[in-house]
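Note: the block below is data.cif and it holds mmCIF, C-alpha atoms.
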data_protein
#
loop_
_atom_site.label_atom_id
_atom_site.label_comp_id
_atom_site.auth_asym_id
_atom_site.auth_seq_id
_atom_site.Cartn_x
_atom_site.Cartn_y
_atom_site.Cartn_z
CA MET A 62 -85.37 -23.30 132.17
CA SER A 63 -85.15 -23.44 135.95
CA ALA A 64 -84.50 -20.52 138.25
CA ASP A 65 -80.82 -19.49 138.45
CA PHE A 66 -80.06 -21.29 135.17
CA ALA A 67 -79.67 -18.40 132.78
CA PHE A 68 -77.93 -17.15 129.64
CA GLU A 69 -77.01 -13.51 129.20
CA ILE A 70 -75.58 -11.91 126.04
CA LEU A 71 -72.71 -9.61 126.95
CA GLY A 72 -71.60 -8.50 123.51
CA GLN A 73 -72.46 -8.91 119.84
CA ALA A 74 -70.75 -8.23 116.52
CA GLY A 75 -72.76 -9.27 113.48
CA ALA A 76 -73.73 -12.93 113.90
CA ALA A 77 -71.06 -13.46 116.57
CA ARG A 78 -71.91 -13.01 120.22
CA ARG A 79 -70.33 -13.38 123.63
CA GLY A 80 -72.33 -14.45 126.64
CA ILE A 81 -72.34 -16.07 130.04
CA LEU A 82 -74.25 -19.20 131.02
CA THR A 83 -75.01 -19.58 134.74
CA THR A 84 -75.43 -23.06 136.23
CA ALA A 85 -75.63 -24.69 139.65
CA HIS A 86 -71.87 -25.32 139.68
CA GLY A 87 -70.66 -22.04 138.24
CA ALA A 88 -70.67 -19.80 135.21
CA ILE A 89 -69.42 -20.53 131.68
CA ASP A 90 -68.23 -17.84 129.29
CA THR A 91 -69.43 -18.47 125.75
CA PRO A 92 -68.29 -19.41 123.24
CA ALA A 93 -66.60 -22.13 125.26
CA PHE A 94 -64.14 -24.96 124.71
CA MET A 95 -65.45 -28.08 126.46
CA PRO A 96 -62.90 -30.82 127.21
CA VAL A 97 -64.26 -34.34 126.82
CA GLY A 98 -64.32 -36.44 129.98
CA THR A 99 -66.33 -39.27 128.44
CA ALA A 100 -66.01 -41.88 131.19
CA GLY A 101 -65.48 -39.53 134.13
CA THR A 102 -61.99 -38.27 133.36
CA VAL A 103 -60.20 -36.12 130.81
CA LYS A 104 -57.56 -38.58 129.67
CA ALA A 105 -53.99 -38.00 130.85
CA MET A 106 -54.95 -34.86 132.83
CA LEU A 107 -55.68 -34.09 136.47
CA PRO A 108 -58.77 -31.93 137.12
CA GLU A 109 -56.46 -29.14 138.31
CA SER A 110 -54.57 -29.33 135.02
CA VAL A 111 -57.83 -29.08 133.07
CA ALA A 112 -58.85 -26.01 135.08
CA SER A 113 -55.44 -24.42 134.50
CA THR A 114 -56.13 -24.38 130.73
CA GLY A 115 -59.05 -22.03 131.36
CA ALA A 116 -61.70 -24.69 130.74
CA GLN A 117 -64.89 -24.01 132.71
CA ILE A 118 -67.02 -27.03 131.77
CA ILE A 119 -66.41 -30.73 131.06
CA LEU A 120 -68.48 -33.18 129.01
CA GLY A 121 -69.42 -36.61 130.39
CA ASN A 122 -71.22 -39.36 128.53
CA THR A 123 -74.44 -41.12 129.51
CA TYR A 124 -73.78 -44.30 127.50
CA HIS A 125 -70.30 -44.97 128.84
CA LEU A 126 -71.06 -44.00 132.44
CA MET A 127 -74.26 -46.07 132.58
CA LEU A 128 -72.24 -49.15 131.59
CA ARG A 129 -69.19 -48.49 133.75
CA PRO A 130 -69.12 -47.70 136.65
CA GLY A 131 -72.94 -47.26 136.50
CA ALA A 132 -75.04 -44.15 137.10
CA GLU A 133 -76.48 -45.43 140.37
CA ARG A 134 -72.98 -46.12 141.69
CA VAL A 135 -71.81 -42.63 140.71
CA ALA A 136 -74.86 -41.14 142.46
CA ALA A 137 -74.12 -43.17 145.61
CA LEU A 138 -70.58 -41.77 145.59
CA GLY A 139 -71.85 -38.19 145.52
CA GLY A 140 -72.41 -37.52 141.83
CA LEU A 141 -70.09 -37.02 138.89
CA HIS A 142 -68.56 -33.77 140.21
CA ARG A 143 -67.29 -35.53 143.31
CA PHE A 144 -66.48 -38.76 141.45
CA MET A 145 -64.12 -36.97 139.06
CA ASN A 146 -63.09 -34.21 141.51
CA TRP A 147 -64.38 -31.47 139.19
CA PRO A 148 -66.24 -28.66 141.03
CA GLY A 149 -67.30 -26.79 137.89
CA PRO A 150 -70.20 -27.32 135.47
CA ILE A 151 -70.68 -30.64 133.66
CA LEU A 152 -72.70 -31.32 130.50
CA THR A 153 -73.69 -34.90 129.72
CA ASP A 154 -74.28 -36.26 126.23
CA SER A 155 -77.56 -38.19 126.06
CA GLY A 156 -76.00 -41.37 124.62
CA GLY A 157 -77.79 -41.00 121.29
CA TYR A 158 -74.62 -40.84 119.20
CA GLN A 159 -72.99 -43.79 120.95
CA VAL A 160 -75.92 -46.15 120.48
CA MET A 161 -76.17 -45.11 116.82
CA SER A 162 -72.51 -46.03 116.37
CA LEU A 163 -73.09 -49.58 117.68
CA GLY A 164 -74.52 -50.63 114.31
CA ALA A 165 -75.65 -54.27 114.42
CA LEU A 166 -75.60 -54.24 118.24
CA ARG A 167 -78.63 -51.96 118.48
CA LYS A 168 -82.29 -51.74 117.42
CA ILE A 169 -84.18 -48.44 117.26
CA ASP A 170 -87.95 -48.10 117.61
CA GLU A 171 -90.44 -45.52 118.88
CA ALA A 172 -89.83 -46.43 122.53
CA GLY A 173 -86.06 -45.98 122.36
CA VAL A 174 -82.99 -48.10 121.66
CA THR A 175 -82.32 -51.70 122.63
CA PHE A 176 -78.62 -52.49 122.43
CA ARG A 177 -75.83 -54.74 123.59
CA SER A 178 -72.85 -53.36 125.47
CA HIS A 179 -69.63 -53.11 123.50
CA LEU A 180 -67.89 -54.19 126.74
CA ASP A 181 -69.53 -57.52 127.57
CA GLY A 182 -72.52 -57.98 125.25
CA SER A 183 -75.07 -57.42 128.03
CA ALA A 184 -78.51 -56.20 126.91
CA HIS A 185 -79.75 -52.69 127.75
CA VAL A 186 -82.61 -50.37 126.86
CA LEU A 187 -82.11 -46.62 126.59
CA THR A 188 -85.23 -44.46 126.25
CA PRO A 189 -85.64 -40.69 126.54
CA GLU A 190 -86.89 -41.16 130.09
CA ARG A 191 -84.01 -43.45 131.11
CA SER A 192 -81.43 -41.15 129.50
CA ILE A 193 -82.73 -38.18 131.50
CA ALA A 194 -82.86 -40.25 134.71
CA ILE A 195 -79.23 -41.34 134.24
CA GLN A 196 -78.08 -37.78 133.63
CA GLU A 197 -79.86 -36.62 136.79
CA LEU A 198 -78.20 -39.44 138.76
CA LEU A 199 -74.87 -38.16 137.44
CA ASP A 200 -75.91 -34.65 138.62
CA ALA A 201 -75.24 -33.03 135.26
CA ASP A 202 -75.66 -29.25 135.18
CA ILE A 203 -76.73 -29.41 131.54
CA THR A 204 -78.73 -32.46 130.49
CA MET A 205 -79.09 -33.27 126.80
CA ALA A 206 -82.32 -34.50 125.22
CA PHE A 207 -82.13 -38.07 123.88
CA ASP A 208 -81.94 -38.15 120.09
CA GLU A 209 -81.32 -40.42 117.14
CA CYS A 210 -78.09 -39.30 115.52
CA THR A 211 -78.73 -39.15 111.77
CA PRO A 212 -76.37 -41.45 109.83
CA PHE A 213 -74.13 -40.20 107.04
CA PRO A 214 -74.85 -40.34 104.22
CA ALA A 215 -78.66 -40.28 104.55
CA SER A 216 -81.50 -39.98 102.07
CA GLU A 217 -83.94 -37.11 102.45
CA GLU A 218 -86.52 -39.58 103.80
CA GLN A 219 -84.07 -40.99 106.34
CA ALA A 220 -83.08 -37.50 107.49
CA ARG A 221 -86.73 -36.47 107.82
CA ASN A 222 -87.73 -39.60 109.74
CA SER A 223 -84.74 -39.24 112.05
CA MET A 224 -85.57 -35.60 112.72
CA VAL A 225 -89.23 -36.20 113.58
CA LEU A 226 -88.36 -39.18 115.80
CA SER A 227 -85.82 -37.03 117.63
CA MET A 228 -88.47 -34.32 118.06
CA ARG A 229 -90.85 -36.83 119.65
CA TRP A 230 -88.04 -38.08 121.88
CA ALA A 231 -87.19 -34.47 122.77
CA ALA A 232 -90.76 -33.88 123.97
CA ARG A 233 -90.53 -36.99 126.16
CA SER A 234 -87.09 -35.91 127.42
CA ARG A 235 -88.45 -32.50 128.38
CA GLN A 236 -91.41 -34.08 130.16
CA ALA A 237 -89.09 -36.42 132.09
CA PHE A 238 -86.70 -33.62 133.08
CA ARG A 239 -87.05 -32.57 136.70
CA GLU A 240 -86.87 -28.81 137.26
CA ARG A 241 -84.06 -28.04 139.72
CA THR A 242 -82.55 -24.70 140.61
CA GLY A 243 -79.48 -24.04 138.49
CA TYR A 244 -79.91 -27.02 136.15
CA GLY A 245 -81.11 -27.02 132.55
CA ILE A 246 -81.91 -29.25 129.59
CA PHE A 247 -80.30 -28.79 126.19
CA GLY A 248 -82.32 -29.56 123.06
CA ILE A 249 -80.39 -31.12 120.18
CA VAL A 250 -80.41 -29.17 116.91
CA GLN A 251 -80.88 -32.24 114.72
CA GLY A 252 -79.54 -32.22 111.22
CA GLY A 253 -78.23 -34.41 108.47
CA SER A 254 -76.81 -34.54 104.98
CA ILE A 255 -78.48 -35.74 101.81
CA PRO A 256 -76.88 -36.40 98.40
CA SER A 257 -77.67 -32.89 97.13
CA CYS A 258 -75.53 -31.53 99.98
CA ALA A 259 -72.37 -33.39 99.02
CA GLY A 260 -69.38 -32.51 101.16
CA LEU A 261 -71.35 -31.59 104.26
CA ARG A 262 -71.17 -33.80 107.34
CA SER A 263 -73.98 -34.60 109.77
CA SER A 264 -74.52 -31.99 112.47
CA ARG A 265 -76.06 -32.38 115.92
#
Would you kindly transcribe this structure into structure tokens?
Amino acid sequence: MSADFAFEILGQAGAARRGILTTAHGAIDTPAFMPVGTAGTVKAMLPESVASTGAQIILGNTYHLMLRPGAERVAALGGLHRFMNWPGPILTDSGGYQVMSLGALRKIDEAGVTFRSHLDGSAHVLTPERSIAIQELLDADITMAFDECTPFPASEEQARNSMVLSMRWAARSRQAFRERTGYGIFGIVQGGSIPSCAGLRSSR
């Protein structure tokens, strides 16, 4: 965790707790509701309208933004905060869930994921290192480690293999992450469901 990126517990009652997370673009009271701005906008809302709801942080998505308009283009335009006119904190999803959802359009191996865009069929490779680099180009306050999202349902062996692969990818993500004042990396709590846990959904 870099300097000036901090979490402080302000109150606790049993297992529940209230805290404050400090980032380069402001503080977030936790627990927090995080509106989804997948492709650089919260649909049907102006940034001022989002802020008026009390939201303090928005989520952007690595997969969608790398395809359109492109992370390098967003960086050249001043980063995602300026691109979407949102001055507060931004968390970016690593893209792991999206590439998992592509099904036949993607291939997973130790290096990462090779996939074809759902937009135009163009070929891409997303690795832990590339995911982190994209999120830094976007200027995310909270970067997420690249992971394989465990499918549902999954056998115990599938869940175990997915977890250990995600742990190896997490180590590479952490190594690729560049320490910057006020910015942090978020490790995925990988989980899954097996037949003996009927009724439970996958958790990330």
*Tell me, in Å to one decimal, how far atom CA of A:Ile81 is from atom CA of A:Asn122.*
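A separation of 23.4 Å between them.
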*Hey, what's within 8 Å of stretch 197-214 of chain A if we count all atoms listed in the file and toss same-chain stuff fewer than 6 positions away? As number ranges by chain, please?*
A: 84-86, 132-133, 135-136, 140-142, 150-158, 161, 188-189, 220, 223-224, 226-228, 230-231, 234-235, 243-249, 251-256, 262-263, 265
*Could you work out how far atom CA of A:Leu180 lies from atom CA of A:Leu163, giving the answer in Å with one decimal?*
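It comes out at 11.4 Å.
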*So what does the PyMOL selection byres ((chain A and resi 168-175) around 6) actually pick up in this one, as a ChimeraX atom specification?*
/A:167,176,185-188
*Within 10 Å of (-71.5, -19.7, 134.2) (coordinates as in the file), grab all the protein and nucleic acid residues, counting all atoms listed in the file, and write them out as a PyMOL selection string.*
chain A and resi 66-69+80-91+117-118+149-150
*Restricting the calculation to only C-alpha atoms, which member of A:Val103, A:Val97, A:Met127, A:Ile119 is positioned closest to A:Ser178?*
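Of A:Val103, A:Val97, A:Met127, A:Ile119, the one nearest A:Ser178, counting only C-alpha atoms, is A:Met127.
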*Among the residues A:Val250, A:Val225, A:Leu126, A:Met145, the one that comes closest to A:Gln196 [using only C-alpha atoms]*: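 Nearest to A:Gln196: A:Leu126.
Between atom CA of A:Met95 and atom CA of A:Gly121 the interatomic distance comes to 10.2 Å.
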*Residue among A:Leu138, A:Ala184, A:Ala93, A:Ala215 lying closest to A:Gly115, counting only C-alpha atoms*: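 Checking each of A:Leu138, A:Ala184, A:Ala93, A:Ala215 against A:Gly115, counting only C-alpha atoms, the winner is A:Ala93.
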_From the options A:Ile195, A:Ala100, A:Gln219, A:Pro108, which residue's atoms come nearest to A:Asn146, counting all atoms listed in the file?_
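Of A:Ile195, A:Ala100, A:Gln219, A:Pro108, the one nearest A:Asn146, counting all atoms listed in the file, is A:Pro108.
Of the residues under consideration (A:Ala194, A:Arg78, A:Arg143, A:Thr123), A:Thr123 shows the shortest atom-to-atom contact distance to A:Val160 when counting only C-alpha atoms.
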Put the listed atoms of stretch 140-156 of chain A in a box along x, y and z with 6 Å added on every side and give me the centre and edge lengths in Å to one decimal, as lines of an AutoDock Vina configuration file.
center_x = -70.3
center_y = -34.1
center_z = 134.0
size_x = 26.5
size_y = 26.6
size_z = 30.7
